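To start, the structure itself, in structure tokens.
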Amino acid sequence: MPVKSKLQAYKDVSVKQWNDWTWQLDNRLSTVDDIVRVLNPSRNIIEGMEAVAKNFKLSITPYYASLIDMQSAYCPIKSQAIPTFEEGDSQENDFTDPLEEDRDSPVPGLTHRYPDRVLLLVTDVCSMYCRHCTRRRMVGQEDRTFNPRQFQQAVDYIAAHEEVRDIVISGGDPLMLSDRKLEKILRALRAIPHVEIIRLGTRLPVVLPQRITPSLIKMLRQFHPIYISTHFNHSKEITPESSKACTMLADGGFPISNQTVLLRGVNDCPHVIKELNQKLLTIRVRPYYLFQCDLSRGISHFRTSLGRGIQIIESLRGHTSGLAVPTFVVDLPGGGGKVPVMPNYCLSSSDDKTVLRNFEGAITVYQEPHSWESVCGHDEACSNEKNKAKAGPAMLMSNPRMVLEPHKRQLGRRIVKK
């Protein structure tokens, strides 16, 4: 039985083939000719693709291509998948590596920016090359699937740094690796005693949901706790296929969080984000971050103002379930890390009163307690050195040092003179 697809190019493809993730990979639209054959775009779109293809790779899975409405000027799937002339534009404040991940890399493929967690890049390959990708300096350039020697260097580094308890595995997309290779990676990381949490950052539930198979779930369950971070940007990406993939992951015991990127012309609207987040909750995916689009070269046409993101959060808080309200963050250029940028609900504060407003604009005075004794300093957790902040304002709260002086950067973390 052939698959039911609106695209004529897939009319003879069987359901078995369509649901096979390896068939999806083998039949990706990876050239301008492929996209023309399957989607029949206009001449202007073709010329834009040809211009971009000289510098950046193209790749769209047949599944994701089947969601595109070529006739719609605002199709969110088309905007994320089909290159345009605008990718050739470079703004004054655009960077090749805006987050300076490479500078904070003690060994190849590993970024250590925050005290207790690291980012581990295990592949340069994705099933689809999103047009808003912040790592386009590396992703899809050489298609390096996995480097065992580089990975071992990362494992050795993590093993030597006992403060690292949380590992985010990303790429590229780690689920592009075979079950066997991924198992090898997870087994090596789980053998490190101080590693508590492993997170897999993947967009395959969105663009290649067929990759979420029973065998993958069975393998991953050996290494709990594992958290899944995925990347839905619009409710049109929530389909029966992607819903099934998320259900399988949730049933396997993997908490799923979503990191949406705020994209001009795709989802820069309070109503669009509200609908997306509410639908995500119905498939057991928790909205986690709403990201300001990074300052990467070739994606400035996707960026919005910070004010638009704040407006969107304002439209969510109190107007829908708190579960549907993500944290709006800016990943600061220069390697400064993630900073939340949210509406201001605290209007004023003194020793005994704080003035707050709610989502309706009502202003209330909250009476502070006159005195109280904190558990801080009396609980066993307070004597555990790993729980103490080593830098930033959090350190000043429990340290007699009166001045925090950014002296130099070492592995991306600001330290102070002693």
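Ordering of the structure tokens sets the chain letters (A, B, ...); residue numbers start at 1 within each chain; ligands are numbered from 1 in the order shown.
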Please provide as JSON, numbers by chain all residues within 6 Å of segment 230-244 of chain A, with the sequence filter that same-chain residues fewer than 4 positions apart are discarded (counting only C-alpha atoms).
-> {"A": [201, 202, 203, 205, 206, 209, 258, 259, 260, 276, 283]}
Close residues, His271 of chain A itself excluded, 10 Å, only C-alpha atoms, min 3 positions apart in chain, as a ChimeraX atom specification = /A:267-268,274-276,312,315-316
Long-range neighbours of Gly253 of chain A as an MDAnalysis selection string, 10 Å cut-off, only C-alpha atoms, 5 positions minimum in chain | chainID A and resid 217 220:221 224:227 247:248
Just to be explicit: take each residue in the selection above, keep C-alpha atoms, and write the result as a CSV table (one decimal), in the first residue's frame.
```csv
chain,number,residue,atom,x,y,z
A,217,ILE,CA,13.8,3.3,23.3
A,220,LEU,CA,18.2,4.4,25.9
A,221,ARG,CA,16.4,3.0,28.9
A,224,HIS,CA,18.4,6.6,32.9
A,225,PRO,CA,18.1,9.4,33.9
A,226,ILE,CA,18.1,10.7,30.3
A,227,TYR,CA,16.3,13.9,29.4
A,247,THR,CA,4.6,9.5,23.1
A,248,MET,CA,7.1,6.7,22.7
```
Residues of segment 19-192 of chain A in strand (DSSP E) according to DSSP, as an NGL selection string?
-> :A and (110-114 or 117-121 or 166-170)
Separation of atom CA of Phe291 of chain A from atom CA of His112 of chain A in Å |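 Spanning atom CA of His112 of chain A to atom CA of Phe291 of chain A is a straight-line distance of 20.2 Å.
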Residue nearest Tyr289 of chain A among A:Val325, A:Ile256, A:Leu200, A:Cys269 (counting only C-alpha atoms) = A:Val325
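Reported to one decimal place, the separation of atom CA of Tyr74 of chain A from atom CA of Asp34 of chain A is 22.1 Å.
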Can you pull out every residue within 10 Å of Thr213 of chain A, counting only C-alpha atoms, but drop anything in the same chain fewer than 6 positions away, and send it as number ranges by chain?
-> A: 20-21, 179, 245, 248-249
Counting only C-alpha atoms, the residue among A:Pro106, A:Asn358, A:Gly171, A:Gln210 that lies closest to Gln17 of chain A is A:Gln210
Can you work out the spacing between atom CA of Ser215 of chain A and atom CA of Asn19 of chain A in Å, to one decimal?
->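 Value for the atom CA of Ser215 of chain A-atom CA of Asn19 of chain A distance: 14.4 Å.
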Spatial neighbours of Glu385 of chain A, 12 Å, only C-alpha atoms, chain gap at least 5 places, as a ChimeraX atom specification | /A:162-163,380,390
Skipping near chain neighbours, those fewer than 2 positions away, what residues fall within 8 Å of Gly172 of chain A using only C-alpha atoms, listed as an NGL selection string?
-> :A and (121-126 or 139-140 or 170 or 174)
As a PDB file with N, CA and C atoms, in the first residue's frame, please: every residue in segment 248-307 of chain A that a backbone DSSP assignment puts in helix (DSSP H, G or I).
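Generated output (out-v9.pdb):
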```pdb
ATOM      1  N   MET A 248       6.175   7.772  22.480  1.00  0.00           N
ATOM      2  CA  MET A 248       7.087   6.652  22.721  1.00  0.00           C
ATOM      3  C   MET A 248       8.196   7.054  23.690  1.00  0.00           C
ATOM      4  N   LEU A 249       8.727   8.248  23.526  1.00  0.00           N
ATOM      5  CA  LEU A 249       9.782   8.716  24.428  1.00  0.00           C
ATOM      6  C   LEU A 249       9.245   8.913  25.847  1.00  0.00           C
ATOM      7  N   ALA A 250       8.082   9.523  25.957  1.00  0.00           N
ATOM      8  CA  ALA A 250       7.495   9.760  27.278  1.00  0.00           C
ATOM      9  C   ALA A 250       7.155   8.442  27.963  1.00  0.00           C
ATOM     10  N   ASP A 251       6.592   7.499  27.213  1.00  0.00           N
ATOM     11  CA  ASP A 251       6.272   6.196  27.780  1.00  0.00           C
ATOM     12  C   ASP A 251       7.534   5.440  28.196  1.00  0.00           C
ATOM     13  N   PRO A 270       2.201  36.251  19.635  1.00  0.00           N
ATOM     14  CA  PRO A 270       1.723  35.662  20.889  1.00  0.00           C
ATOM     15  C   PRO A 270       0.748  34.512  20.682  1.00  0.00           C
ATOM     16  N   HIS A 271      -0.139  34.634  19.679  1.00  0.00           N
ATOM     17  CA  HIS A 271      -1.142  33.595  19.444  1.00  0.00           C
ATOM     18  C   HIS A 271      -0.487  32.309  18.936  1.00  0.00           C
ATOM     19  N   VAL A 272       0.519  32.466  18.075  1.00  0.00           N
ATOM     20  CA  VAL A 272       1.202  31.297  17.512  1.00  0.00           C
ATOM     21  C   VAL A 272       1.949  30.529  18.598  1.00  0.00           C
ATOM     22  N   ILE A 273       2.667  31.250  19.461  1.00  0.00           N
ATOM     23  CA  ILE A 273       3.424  30.592  20.527  1.00  0.00           C
ATOM     24  C   ILE A 273       2.475  29.970  21.554  1.00  0.00           C
ATOM     25  N   LYS A 274       1.382  30.652  21.855  1.00  0.00           N
ATOM     26  CA  LYS A 274       0.414  30.096  22.798  1.00  0.00           C
ATOM     27  C   LYS A 274      -0.166  28.792  22.284  1.00  0.00           C
ATOM     28  N   GLU A 275      -0.556  28.771  21.022  1.00  0.00           N
ATOM     29  CA  GLU A 275      -1.113  27.549  20.434  1.00  0.00           C
ATOM     30  C   GLU A 275      -0.078  26.426  20.408  1.00  0.00           C
ATOM     31  N   LEU A 276       1.173  26.773  20.049  1.00  0.00           N
ATOM     32  CA  LEU A 276       2.244  25.779  20.027  1.00  0.00           C
ATOM     33  C   LEU A 276       2.426  25.153  21.406  1.00  0.00           C
ATOM     34  N   ASN A 277       2.569  25.989  22.434  1.00  0.00           N
ATOM     35  CA  ASN A 277       2.879  25.477  23.763  1.00  0.00           C
ATOM     36  C   ASN A 277       1.732  24.670  24.358  1.00  0.00           C
ATOM     37  N   GLN A 278       0.515  25.106  24.090  1.00  0.00           N
ATOM     38  CA  GLN A 278      -0.631  24.336  24.591  1.00  0.00           C
ATOM     39  C   GLN A 278      -0.701  22.962  23.926  1.00  0.00           C
ATOM     40  N   LYS A 279      -0.414  22.908  22.628  1.00  0.00           N
ATOM     41  CA  LYS A 279      -0.447  21.618  21.931  1.00  0.00           C
ATOM     42  C   LYS A 279       0.727  20.733  22.353  1.00  0.00           C
ATOM     43  N   LEU A 280       1.867  21.346  22.654  1.00  0.00           N
ATOM     44  CA  LEU A 280       3.002  20.554  23.127  1.00  0.00           C
ATOM     45  C   LEU A 280       2.653  19.809  24.407  1.00  0.00           C
ATOM     46  N   LEU A 281       1.936  20.474  25.297  1.00  0.00           N
ATOM     47  CA  LEU A 281       1.579  19.830  26.559  1.00  0.00           C
ATOM     48  C   LEU A 281       0.670  18.630  26.338  1.00  0.00           C
ATOM     49  N   THR A 282      -0.127  18.651  25.278  1.00  0.00           N
ATOM     50  CA  THR A 282      -1.021  17.521  25.014  1.00  0.00           C
ATOM     51  C   THR A 282      -0.253  16.288  24.561  1.00  0.00           C
ATOM     52  N   SER A 300      20.016  36.757   9.968  1.00  0.00           N
ATOM     53  CA  SER A 300      19.511  38.006  10.557  1.00  0.00           C
ATOM     54  C   SER A 300      18.061  38.272  10.157  1.00  0.00           C
ATOM     55  N   HIS A 301      17.629  37.739   9.006  1.00  0.00           N
ATOM     56  CA  HIS A 301      16.245  37.967   8.577  1.00  0.00           C
ATOM     57  C   HIS A 301      15.242  37.235   9.464  1.00  0.00           C
ATOM     58  N   PHE A 302      15.723  36.323  10.294  1.00  0.00           N
ATOM     59  CA  PHE A 302      14.844  35.616  11.227  1.00  0.00           C
ATOM     60  C   PHE A 302      14.719  36.332  12.572  1.00  0.00           C
ATOM     61  N   LEU A 306      13.985  42.089  21.017  1.00  0.00           N
ATOM     62  CA  LEU A 306      13.782  41.468  22.323  1.00  0.00           C
ATOM     63  C   LEU A 306      12.394  41.795  22.863  1.00  0.00           C
ATOM     64  N   GLY A 307      11.926  42.995  22.522  1.00  0.00           N
ATOM     65  CA  GLY A 307      10.599  43.400  22.973  1.00  0.00           C
ATOM     66  C   GLY A 307       9.501  42.458  22.518  1.00  0.00           C
TER      67      GLY A 307
END
```
With a distance cut-off of 9 Å and only C-alpha atoms, select the neighbouring residues of Pro340 of chain A, excluding the residue or stretch itself and same-chain residues fewer than 6 positions from it, and output the selection as a ChimeraX atom specification.
-> /A:327-331
Write a file of the just-selected residues containing C-alpha atoms, as a PDB file, in the first residue's frame.
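Ended up saving to result.pdb:
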```pdb
ATOM      1  CA  THR A 327      11.577  31.159  29.949  1.00  0.00           C
ATOM      2  CA  PHE A 328      12.527  33.721  27.313  1.00  0.00           C
ATOM      3  CA  VAL A 329      16.321  33.764  27.110  1.00  0.00           C
ATOM      4  CA  VAL A 330      19.078  35.441  25.153  1.00  0.00           C
ATOM      5  CA  ASP A 331      22.264  33.449  24.672  1.00  0.00           C
TER       6      ASP A 331
END
```
Using only C-alpha atoms, which residue out of A:Asn344, A:Gln311, A:Asn55, A:Thr111 lies closest to Ala154 of chain A?
-> A:Thr111
